[in-house]
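**Q** What follows is a structure written as structure tokens; I'll ask about it next.
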Amino acid sequence: MYASRDDVTSMSQMGIFLLLVFAFSIPFWLLGGVTHLQLMPVLSISALAGFAPVAAALVMVRRDKKSAAMSALFKRSFDYKRIQSKRWLVPVLLLMPAVSLVVCGLMKWMAMPVPAAQFHLLPAWLMFIAFFVSGLGKELGWSGYALDPMQARWGALGASLLLGLMGILWHLVPLFTIGRSFAWIGWWCLYALTFRIFAVWLYNNSGKSVLAAALFHATVNMAYMFFPVYGSHFDMRLGGLVMAVAALLIILIWGPKTLSRQADSNTAHATF
């Protein structure tokens with residue numbers, strides 16, 4: 001069975017998009033590896049590579065001479081009106097804190113060391129704003145540009161897994177740079193793959209809102225950073241397993257094709 005011309009074109013453009021993401025990220029990875037500068041505790045300056053996906057997406061839409069698409073992509077940063085059912089903001093904002101609480105409870109039940117958490121309002125707000133801006137830089141590329149065409153070709157679960165693998169590959173260099181162990185990275189890969197399933201599920205059920213995806217991305221980093229101490233005591237093995245169980249439930253309840261019960265959830269609103 002042969003792939004259609006449109007399928008081949010889409011796969012080729014996705015490959016170019018991914019190469020651009022890596023190309024735009026490399027200078028920041030090198031800067032982080034050489035200087036060891038930090039934007040905040042345990043957050044290397046290499047995190048600025050988080051804007052590589054949106055930069056790559058802008059190059060792709062400009063390459064196709066779609067100047068209007070560039071403006072449309074930026075406008076999706078605050079596409080709040082797409083979220084017709086506002087109840088989906090609850091899992092967008094609270095799902096990852098709930099995962100962290102479950103992991104914390106399991107760690108205490110297993111008699112693992114969990115220091116007391118510390119919370120200060122002003123630093124928390126500043127951190128959330130930083131993570132939200134970074135989340136937009138990522139999700140305007142992953143969700144706003146790449147996801148809908150991939151869903152049209154491979155379905156929601158297939159697109160989730162492919163985007164998850166792309167995100168994992170993209171994170172491996174900085175993870176090895178900061179000295180993470182092979183075991184930690186292995187469990188983190190499961191955590192990251194299931195995160196993308198969550199992100200696609202929330203995106204589809206929030207009217208395909210990039211704002212919702214970016215807010216969710218911000219809560220992932222916030223939940224990790226506020227786990228004692230700056231996430232250093234977070235057990236990634238338990239985190240990956242808890243996420244995997246939750247993702248499996250989502251797939252079983254909402255279905256792998258769309259991860260949504262909305263009638264138009266499998267309609268692609270963006271094209272290459």
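Just so we're on the same page: first chain in the structure tokens is A, next is B, and so on; residues restart at 1 for each chain, and ligands are numbered from 1 in the order they show up.
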Could you pull the residues within 9 Å of region 204-218 of chain A, counting only C-alpha atoms, minus those fewer than 2 positions along the same chain, as a ChimeraX atom specification?
**A** /A:76-89,91-96,128-140,143-144,148,156,195,198-202,220-223,258-262,265-266,269
**Q** Leu163 (chain A): which residues within 8 Å, counting only C-alpha atoms, same-chain residues fewer than 4 positions away excluded, as a ChimeraX atom specification?
**A** /A:142,147,159,167,196
**Q** Determine the nearest neighbour of Phe17 (chain A) from the options A:Val59, A:Leu101, A:Leu169, A:Ile45, counting only C-alpha atoms.
**A**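 Looking only at the distances to Phe17 (chain A), the closest residue turns out to be A:Val59.
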**Q** Pick out the residues sitting within 9 Å of Ile168 (chain A), and hand them over as number ranges by chain; count only C-alpha atoms, and ignore anything fewer than 5 positions along from it in its own chain.
**A** A: 163, 188-189, 192-193
**Q** Could you write those residues out with C-alpha atoms, as a tab-separated table (two decimals), in the first residue's frame?
**A**
chain	number	residue	atom	x	y	z
A	163	LEU	CA	4.80	14.30	19.02
A	188	TRP	CA	11.19	10.57	32.34
A	189	CYS	CA	10.60	9.34	28.77
A	192	ALA	CA	6.97	12.87	28.81
A	193	LEU	CA	5.19	10.52	26.41
**Q** Find the residues near Leu241 (chain A): any atom within 9 Å, counting only C-alpha atoms, skip ones fewer than 3 places away on the same chain, and give them as a list in words.
**A**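 Listed by chain and then number, they are Trp187, Leu190, Tyr191, Met236, Arg237, Leu238, Ala244, Val245 and Ala246 of chain A.
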**Q** Could those residues be written to a file, using C-alpha atoms, as a PDB file, in the first residue's frame?
**A**
ATOM      1  CA  TRP A 187      11.357   6.956  33.466  1.00  0.00           C
ATOM      2  CA  LEU A 190       7.472   7.525  29.967  1.00  0.00           C
ATOM      3  CA  TYR A 191       6.439  10.654  31.875  1.00  0.00           C
ATOM      4  CA  MET A 236      10.378  10.027  38.316  1.00  0.00           C
ATOM      5  CA  ARG A 237       9.660   6.299  38.360  1.00  0.00           C
ATOM      6  CA  LEU A 238       6.452   6.830  40.321  1.00  0.00           C
ATOM      7  CA  ALA A 244       0.825   6.084  32.387  1.00  0.00           C
ATOM      8  CA  VAL A 245      -2.136   4.735  34.371  1.00  0.00           C
ATOM      9  CA  ALA A 246      -4.005   8.037  33.975  1.00  0.00           C
TER      10      ALA A 246
END
**Q** With only C-alpha atoms as the counted atoms, please give the residues lying no more than 9 Å from Leu58 (chain A), apart from itself and same-chain residues fewer than 2 positions off, as a compact mmCIF listing (two decimals) with C-alpha atoms, in the first residue's frame.
**A**
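Listing of around_26.txt after writing:
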# COMPACT_ATOMS: atom_id res chain seq x y z
CA PRO A 53 9.24 25.13 18.13
CA VAL A 54 7.42 28.41 17.49
CA ALA A 55 10.41 29.76 15.55
CA ALA A 56 10.43 26.63 13.39
CA MET A 60 7.51 26.80 7.87
CA VAL A 61 4.42 28.97 7.33
CA ARG A 62 6.54 31.79 5.90
CA ARG A 63 8.31 29.29 3.63
CA ALA A 69 -0.86 32.18 8.67
CA MET A 70 1.99 33.69 10.72
CA LEU A 73 -0.54 31.41 14.57
CA GLY A 141 4.83 24.90 17.42
CA TYR A 145 1.36 24.08 13.88
**Q** Within region 13-221 of chain A, find each residue whose DSSP state, derived from the backbone, is strand (DSSP E), and express the selection as an mmCIF file with C-alpha atoms, in the first residue's frame.
**A**
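File out-v4.cif, as written:
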data_model
loop_
_atom_site.group_PDB
_atom_site.id
_atom_site.type_symbol
_atom_site.label_atom_id
_atom_site.label_comp_id
_atom_site.auth_asym_id
_atom_site.auth_seq_id
_atom_site.Cartn_x
_atom_site.Cartn_y
_atom_site.Cartn_z
ATOM 1 C CA GLN A 38 20.794 29.439 35.103
ATOM 2 C CA LEU A 39 17.567 31.343 34.517
ATOM 3 C CA MET A 40 16.351 30.193 37.953
ATOM 4 C CA LEU A 43 16.786 25.728 35.206
ATOM 5 C CA SER A 44 19.647 26.145 32.751
#
**Q** With only C-alpha atoms as the atoms that count, which of A:Val242, A:Met11, A:Ile178, A:Leu18 lies nearest to Val102 (chain A)?
**A**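 Comparing A:Val242, A:Met11, A:Ile178, A:Leu18 against Val102 (chain A), the winner is A:Val242.
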**Q** For each of A:Tyr203, A:Ile250, A:Gly32, A:Ile16, take the minimum atom-to-atom distance to Gln151 (chain A), counting only C-alpha atoms, then give the residue where this is smallest.
**A** A:Tyr203
**Q** Can you list, as a short mmCIF file (atom, residue, chain, number, x, y, z; two decimals) with N, CA, C and O atoms, in the first residue's frame, every residue of region 61-191 of chain A that DSSP puts in alpha helix (DSSP H)?
**A**
data_model
loop_
_atom_site.label_atom_id
_atom_site.label_comp_id
_atom_site.auth_asym_id
_atom_site.auth_seq_id
_atom_site.Cartn_x
_atom_site.Cartn_y
_atom_site.Cartn_z
N VAL A 61 5.56 28.29 7.95
CA VAL A 61 4.42 28.97 7.33
C VAL A 61 4.88 30.10 6.42
O VAL A 61 4.25 30.38 5.40
N ARG A 62 5.99 30.74 6.77
CA ARG A 62 6.54 31.79 5.90
C ARG A 62 7.14 31.17 4.64
O ARG A 62 7.04 31.76 3.55
N ARG A 63 7.72 30.00 4.77
CA ARG A 63 8.31 29.29 3.63
C ARG A 63 7.26 28.99 2.58
O ARG A 63 7.52 29.02 1.38
N SER A 67 1.87 34.48 4.80
CA SER A 67 2.10 35.52 5.79
C SER A 67 0.91 35.67 6.73
O SER A 67 1.07 35.95 7.92
N ALA A 68 -0.30 35.48 6.18
CA ALA A 68 -1.48 35.57 7.04
C ALA A 68 -1.48 34.47 8.09
O ALA A 68 -1.98 34.66 9.20
N ALA A 69 -0.91 33.31 7.73
CA ALA A 69 -0.86 32.18 8.67
C ALA A 69 0.06 32.49 9.85
O ALA A 69 -0.17 32.00 10.96
N MET A 70 1.10 33.30 9.62
CA MET A 70 1.99 33.69 10.72
C MET A 70 1.23 34.49 11.76
O MET A 70 1.34 34.26 12.96
N SER A 71 0.42 35.44 11.28
CA SER A 71 -0.38 36.25 12.19
C SER A 71 -1.42 35.39 12.90
O SER A 71 -1.64 35.54 14.11
N ALA A 72 -2.03 34.48 12.15
CA ALA A 72 -3.05 33.60 12.73
C ALA A 72 -2.45 32.71 13.81
O ALA A 72 -3.09 32.44 14.84
N LEU A 73 -1.21 32.26 13.58
CA LEU A 73 -0.54 31.41 14.57
C LEU A 73 -0.31 32.17 15.87
O LEU A 73 -0.59 31.65 16.96
N PHE A 74 0.17 33.41 15.78
CA PHE A 74 0.39 34.20 16.98
C PHE A 74 -0.92 34.50 17.71
O PHE A 74 -0.97 34.51 18.95
N LYS A 75 -1.99 34.72 16.96
CA LYS A 75 -3.28 35.02 17.59
C LYS A 75 -3.80 33.85 18.42
O LYS A 75 -4.58 34.04 19.35
N LEU A 89 -11.01 23.86 31.84
CA LEU A 89 -9.91 24.58 32.48
C LEU A 89 -9.52 23.94 33.81
O LEU A 89 -8.40 24.14 34.28
N VAL A 90 -10.44 23.19 34.40
CA VAL A 90 -10.13 22.52 35.67
C VAL A 90 -9.00 21.50 35.48
O VAL A 90 -7.98 21.58 36.18
N PRO A 91 -9.12 20.51 34.56
CA PRO A 91 -7.98 19.60 34.36
C PRO A 91 -6.76 20.30 33.76
O PRO A 91 -5.63 19.91 34.04
N VAL A 92 -7.00 21.33 32.94
CA VAL A 92 -5.86 22.07 32.37
C VAL A 92 -4.96 22.60 33.49
O VAL A 92 -3.73 22.50 33.43
N LEU A 93 -5.58 23.15 34.53
CA LEU A 93 -4.82 23.80 35.60
C LEU A 93 -4.50 22.89 36.78
O LEU A 93 -3.51 23.12 37.49
N LEU A 94 -5.32 21.86 37.01
CA LEU A 94 -5.17 21.08 38.25
C LEU A 94 -4.72 19.64 38.05
O LEU A 94 -4.39 18.97 39.03
N LEU A 95 -4.69 19.15 36.82
CA LEU A 95 -4.32 17.75 36.60
C LEU A 95 -2.90 17.45 37.08
O LEU A 95 -2.67 16.49 37.82
N MET A 96 -1.94 18.28 36.70
CA MET A 96 -0.56 18.00 37.06
C MET A 96 -0.28 18.22 38.55
O MET A 96 0.46 17.43 39.15
N PRO A 97 -0.85 19.25 39.20
CA PRO A 97 -0.72 19.31 40.65
C PRO A 97 -1.29 18.06 41.33
O PRO A 97 -0.73 17.58 42.33
N ALA A 98 -2.39 17.52 40.78
CA ALA A 98 -2.97 16.30 41.35
C ALA A 98 -2.01 15.13 41.19
O ALA A 98 -1.86 14.31 42.11
N VAL A 99 -1.36 15.02 40.03
CA VAL A 99 -0.37 13.96 39.82
C VAL A 99 0.75 14.07 40.85
O VAL A 99 1.17 13.07 41.44
N SER A 100 1.23 15.28 41.08
CA SER A 100 2.30 15.49 42.06
C SER A 100 1.86 15.09 43.46
O SER A 100 2.63 14.51 44.23
N LEU A 101 0.61 15.40 43.81
CA LEU A 101 0.09 15.03 45.13
C LEU A 101 0.02 13.51 45.27
O LEU A 101 0.34 12.96 46.34
N VAL A 102 -0.40 12.83 44.20
CA VAL A 102 -0.46 11.36 44.24
C VAL A 102 0.95 10.78 44.41
O VAL A 102 1.17 9.88 45.21
N VAL A 103 1.91 11.32 43.66
CA VAL A 103 3.29 10.85 43.77
C VAL A 103 3.81 11.11 45.18
O VAL A 103 4.46 10.23 45.79
N CYS A 104 3.51 12.28 45.73
CA CYS A 104 3.96 12.61 47.09
C CYS A 104 3.35 11.64 48.09
O CYS A 104 4.04 11.13 48.99
N GLY A 105 2.06 11.34 47.94
CA GLY A 105 1.41 10.40 48.84
C GLY A 105 2.00 9.01 48.75
O GLY A 105 2.21 8.34 49.78
N LEU A 106 2.29 8.56 47.55
CA LEU A 106 2.90 7.24 47.36
C LEU A 106 4.29 7.19 47.97
O LEU A 106 4.68 6.19 48.58
N MET A 107 5.05 8.27 47.80
CA MET A 107 6.40 8.31 48.37
C MET A 107 6.36 8.23 49.89
O MET A 107 7.16 7.53 50.51
N LYS A 108 5.42 8.96 50.51
CA LYS A 108 5.30 8.91 51.97
C LYS A 108 4.84 7.53 52.43
O LYS A 108 5.31 7.00 53.44
N TRP A 109 3.91 6.92 51.68
CA TRP A 109 3.43 5.59 52.01
C TRP A 109 4.54 4.56 51.91
O TRP A 109 4.59 3.60 52.70
N LEU A 121 4.24 33.32 47.45
CA LEU A 121 3.29 33.76 46.43
C LEU A 121 3.96 34.51 45.27
O LEU A 121 3.73 34.18 44.10
N LEU A 122 4.77 35.52 45.55
CA LEU A 122 5.36 36.33 44.47
C LEU A 122 6.27 35.49 43.57
O LEU A 122 6.12 35.54 42.34
N PRO A 123 7.24 34.73 44.14
CA PRO A 123 8.05 33.89 43.27
C PRO A 123 7.22 32.89 42.46
O PRO A 123 7.55 32.58 41.31
N ALA A 124 6.13 32.40 43.06
CA ALA A 124 5.28 31.44 42.35
C ALA A 124 4.63 32.08 41.14
O ALA A 124 4.59 31.48 40.05
N TRP A 125 4.12 33.31 41.30
CA TRP A 125 3.52 34.01 40.16
C TRP A 125 4.54 34.30 39.07
O TRP A 125 4.26 34.13 37.88
N LEU A 126 5.71 34.76 39.47
CA LEU A 126 6.75 35.06 38.49
C LEU A 126 7.17 33.79 37.74
O LEU A 126 7.38 33.80 36.52
N MET A 127 7.27 32.69 38.48
CA MET A 127 7.64 31.43 37.87
C MET A 127 6.56 30.95 36.90
O MET A 127 6.85 30.47 35.80
N PHE A 128 5.30 31.11 37.30
CA PHE A 128 4.20 30.69 36.43
C PHE A 128 4.19 31.49 35.13
O PHE A 128 3.99 30.94 34.05
N ILE A 129 4.41 32.81 35.23
CA ILE A 129 4.46 33.65 34.02
C ILE A 129 5.58 33.19 33.11
O ILE A 129 5.40 33.07 31.89
N ALA A 130 6.75 32.92 33.69
CA ALA A 130 7.89 32.46 32.89
C ALA A 130 7.58 31.13 32.22
O ALA A 130 7.87 30.94 31.03
N PHE A 131 6.98 30.20 32.95
CA PHE A 131 6.66 28.90 32.38
C PHE A 131 5.54 29.00 31.34
O PHE A 131 5.51 28.23 30.38
N PHE A 132 4.61 29.95 31.54
CA PHE A 132 3.55 30.12 30.56
C PHE A 132 4.10 30.66 29.24
O PHE A 132 3.74 30.19 28.16
N VAL A 133 4.97 31.65 29.33
CA VAL A 133 5.59 32.20 28.11
C VAL A 133 6.39 31.11 27.39
O VAL A 133 6.32 30.96 26.17
N SER A 134 7.15 30.34 28.17
CA SER A 134 7.90 29.23 27.59
C SER A 134 6.95 28.19 26.98
O SER A 134 7.21 27.64 25.91
N GLY A 135 5.83 27.92 27.69
CA GLY A 135 4.85 26.97 27.18
C GLY A 135 4.26 27.41 25.86
O GLY A 135 4.03 26.59 24.95
N LEU A 136 4.02 28.72 25.71
CA LEU A 136 3.54 29.23 24.43
C LEU A 136 4.57 29.02 23.33
O LEU A 136 4.22 28.65 22.20
N GLY A 137 5.84 29.25 23.66
CA GLY A 137 6.89 29.04 22.66
C GLY A 137 6.92 27.62 22.15
O GLY A 137 7.22 27.37 20.98
N LYS A 138 6.59 26.68 23.02
CA LYS A 138 6.57 25.27 22.62
C LYS A 138 5.26 24.89 21.95
O LYS A 138 5.25 24.27 20.87
N GLU A 139 4.13 25.25 22.57
CA GLU A 139 2.85 24.77 22.08
C GLU A 139 2.38 25.46 20.81
O GLU A 139 1.59 24.89 20.05
N LEU A 140 2.82 26.67 20.53
CA LEU A 140 2.51 27.28 19.24
C LEU A 140 3.11 26.46 18.11
O LEU A 140 2.57 26.43 17.00
N GLY A 141 4.23 25.79 18.41
CA GLY A 141 4.83 24.90 17.42
C GLY A 141 4.24 23.51 17.43
O GLY A 141 3.72 23.02 16.42
N ASP A 148 -2.60 19.32 14.39
CA ASP A 148 -3.81 19.04 13.62
C ASP A 148 -3.56 18.24 12.34
O ASP A 148 -4.28 17.27 12.07
N PRO A 149 -2.56 18.59 11.53
CA PRO A 149 -2.29 17.75 10.36
C PRO A 149 -1.89 16.33 10.74
O PRO A 149 -2.23 15.38 10.03
N MET A 150 -1.19 16.17 11.85
CA MET A 150 -0.79 14.83 12.28
C MET A 150 -2.01 14.03 12.74
O MET A 150 -2.11 12.83 12.47
N GLN A 151 -2.95 14.70 13.42
CA GLN A 151 -4.16 14.00 13.83
C GLN A 151 -4.98 13.56 12.63
O GLN A 151 -5.58 12.48 12.64
N ALA A 152 -5.03 14.41 11.61
CA ALA A 152 -5.78 14.06 10.41
C ALA A 152 -5.20 12.82 9.74
O ALA A 152 -5.93 12.04 9.11
N ARG A 153 -3.91 12.61 9.88
CA ARG A 153 -3.24 11.47 9.24
C ARG A 153 -3.20 10.24 10.14
O ARG A 153 -3.46 9.12 9.69
N TRP A 154 -2.88 10.42 11.44
CA TRP A 154 -2.64 9.28 12.32
C TRP A 154 -3.62 9.17 13.49
O TRP A 154 -3.48 8.27 14.31
N GLY A 155 -4.58 10.05 13.59
CA GLY A 155 -5.49 10.03 14.72
C GLY A 155 -4.87 10.69 15.94
O GLY A 155 -3.66 10.97 15.97
N ALA A 156 -5.68 10.93 16.96
CA ALA A 156 -5.20 11.66 18.13
C ALA A 156 -4.13 10.91 18.90
O ALA A 156 -3.10 11.48 19.27
N LEU A 157 -4.33 9.61 19.13
CA LEU A 157 -3.33 8.86 19.89
C LEU A 157 -2.04 8.71 19.09
O LEU A 157 -0.94 8.88 19.65
N GLY A 158 -2.15 8.42 17.80
CA GLY A 158 -0.95 8.31 16.97
C GLY A 158 -0.18 9.61 16.95
O GLY A 158 1.06 9.62 17.07
N ALA A 159 -0.90 10.74 16.79
CA ALA A 159 -0.23 12.04 16.79
C ALA A 159 0.40 12.32 18.15
O ALA A 159 1.51 12.88 18.23
N SER A 160 -0.28 11.93 19.23
CA SER A 160 0.27 12.13 20.58
C SER A 160 1.59 11.39 20.74
O SER A 160 2.57 11.95 21.26
N LEU A 161 1.61 10.14 20.30
CA LEU A 161 2.82 9.33 20.46
C LEU A 161 3.96 9.86 19.61
O LEU A 161 5.12 9.92 20.05
N LEU A 162 3.65 10.28 18.37
CA LEU A 162 4.69 10.81 17.49
C LEU A 162 5.24 12.13 18.03
O LEU A 162 6.46 12.34 18.07
N LEU A 163 4.34 13.04 18.45
CA LEU A 163 4.80 14.30 19.02
C LEU A 163 5.55 14.07 20.32
O LEU A 163 6.53 14.76 20.62
N GLY A 164 5.09 13.08 21.10
CA GLY A 164 5.78 12.75 22.34
C GLY A 164 7.19 12.26 22.08
O GLY A 164 8.13 12.68 22.78
N LEU A 165 7.36 11.42 21.08
CA LEU A 165 8.71 10.93 20.73
C LEU A 165 9.58 12.07 20.23
O LEU A 165 10.78 12.13 20.55
N MET A 166 9.00 12.97 19.44
CA MET A 166 9.77 14.12 18.97
C MET A 166 10.23 14.98 20.16
O MET A 166 11.38 15.43 20.21
N GLY A 167 9.32 15.20 21.11
CA GLY A 167 9.68 15.97 22.29
C GLY A 167 10.75 15.30 23.12
O GLY A 167 11.65 15.96 23.67
N ILE A 168 10.68 13.97 23.22
CA ILE A 168 11.69 13.22 23.97
C ILE A 168 13.06 13.38 23.33
O ILE A 168 14.06 13.67 24.00
N LEU A 169 13.13 13.20 22.02
CA LEU A 169 14.40 13.36 21.30
C LEU A 169 14.96 14.76 21.51
O LEU A 169 16.16 14.94 21.69
N TRP A 170 14.07 15.73 21.48
CA TRP A 170 14.49 17.13 21.61
C TRP A 170 15.04 17.42 23.00
O TRP A 170 15.93 18.26 23.16
N HIS A 171 14.55 16.72 24.02
CA HIS A 171 15.00 16.97 25.40
C HIS A 171 16.24 16.17 25.80
O HIS A 171 16.82 16.45 26.85
N LEU A 172 16.61 15.17 25.04
CA LEU A 172 17.69 14.29 25.48
C LEU A 172 19.02 15.02 25.66
O LEU A 172 19.73 14.76 26.64
N VAL A 173 19.34 15.91 24.74
CA VAL A 173 20.63 16.61 24.85
C VAL A 173 20.72 17.41 26.15
O VAL A 173 21.68 17.25 26.91
N PRO A 174 19.75 18.30 26.46
CA PRO A 174 19.87 19.03 27.73
C PRO A 174 19.82 18.13 28.96
O PRO A 174 20.47 18.43 29.97
N LEU A 175 19.07 17.01 28.89
CA LEU A 175 19.01 16.12 30.05
C LEU A 175 20.37 15.47 30.33
O LEU A 175 20.80 15.37 31.48
N PHE A 176 21.03 15.03 29.26
CA PHE A 176 22.37 14.46 29.45
C PHE A 176 23.37 15.54 29.85
O PHE A 176 24.30 15.28 30.63
N THR A 177 23.17 16.75 29.35
CA THR A 177 24.08 17.85 29.67
C THR A 177 24.09 18.17 31.16
O THR A 177 25.14 18.46 31.74
N PHE A 182 20.84 7.44 33.30
CA PHE A 182 20.08 6.72 32.28
C PHE A 182 18.75 6.24 32.84
O PHE A 182 17.72 6.28 32.15
N ALA A 183 18.73 5.78 34.09
CA ALA A 183 17.50 5.30 34.71
C ALA A 183 16.49 6.43 34.84
O ALA A 183 15.30 6.26 34.52
N TRP A 184 16.93 7.58 35.32
CA TRP A 184 16.03 8.72 35.48
C TRP A 184 15.45 9.14 34.14
O TRP A 184 14.25 9.39 34.01
N ILE A 185 16.32 9.21 33.12
CA ILE A 185 15.87 9.62 31.78
C ILE A 185 14.88 8.60 31.22
O ILE A 185 13.90 8.95 30.56
N GLY A 186 15.11 7.32 31.50
CA GLY A 186 14.19 6.28 31.02
C GLY A 186 12.79 6.48 31.56
O GLY A 186 11.80 6.43 30.82
N TRP A 187 12.67 6.72 32.87
CA TRP A 187 11.36 6.96 33.47
C TRP A 187 10.79 8.29 33.02
O TRP A 187 9.57 8.43 32.84
N TRP A 188 11.65 9.27 32.84
CA TRP A 188 11.19 10.57 32.34
C TRP A 188 10.59 10.43 30.94
O TRP A 188 9.61 11.12 30.60
N CYS A 189 11.13 9.56 30.11
CA CYS A 189 10.60 9.34 28.77
C CYS A 189 9.15 8.87 28.84
O CYS A 189 8.30 9.32 28.05
N LEU A 190 8.86 7.97 29.78
CA LEU A 190 7.47 7.53 29.97
C LEU A 190 6.61 8.69 30.43
O LEU A 190 5.49 8.89 29.95
N TYR A 191 7.13 9.48 31.36
CA TYR A 191 6.44 10.65 31.87
C TYR A 191 6.13 11.64 30.74
O TYR A 191 5.01 12.15 30.63
#
**Q** Could you work out how far CA of Ala49 (chain A) lies from CA of Phe28 (chain A), giving the answer in Å with one decimal?
**A** 5.7 Å
**Q** Skip Ala247 (chain A) itself and residues of its chain fewer than 4 positions away, then list as a PyMOL selection string all residues within 7 Å of it, counting only C-alpha atoms.
**A** chain A and resi 194+197-198+243+251
**Q** Include N, CA, C and O atoms and write out the residues we just selected as an mmCIF file, in the first residue's frame.
**A**
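Saved to again32.cif:
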data_model
loop_
_atom_site.group_PDB
_atom_site.id
_atom_site.type_symbol
_atom_site.label_atom_id
_atom_site.label_comp_id
_atom_site.auth_asym_id
_atom_site.auth_seq_id
_atom_site.Cartn_x
_atom_site.Cartn_y
_atom_site.Cartn_z
ATOM 1 N N THR A 194 3.461 10.290 28.107
ATOM 2 C CA THR A 194 2.090 10.366 28.607
ATOM 3 C C THR A 194 1.641 11.820 28.779
ATOM 4 O O THR A 194 0.453 12.127 28.605
ATOM 5 N N ILE A 197 0.071 12.828 25.614
ATOM 6 C CA ILE A 197 -1.291 12.292 25.475
ATOM 7 C C ILE A 197 -2.267 13.186 26.237
ATOM 8 O O ILE A 197 -3.339 13.539 25.734
ATOM 9 N N PHE A 198 -1.892 13.586 27.459
ATOM 10 C CA PHE A 198 -2.719 14.517 28.234
ATOM 11 C C PHE A 198 -2.924 15.822 27.456
ATOM 12 O O PHE A 198 -4.036 16.347 27.385
ATOM 13 N N MET A 243 1.378 8.685 35.662
ATOM 14 C CA MET A 243 0.962 9.308 34.401
ATOM 15 C C MET A 243 0.486 8.258 33.406
ATOM 16 O O MET A 243 -0.509 8.462 32.694
ATOM 17 N N ILE A 251 -7.429 7.079 27.371
ATOM 18 C CA ILE A 251 -7.563 6.404 26.077
ATOM 19 C C ILE A 251 -8.781 5.490 26.068
ATOM 20 O O ILE A 251 -9.548 5.450 25.090
#
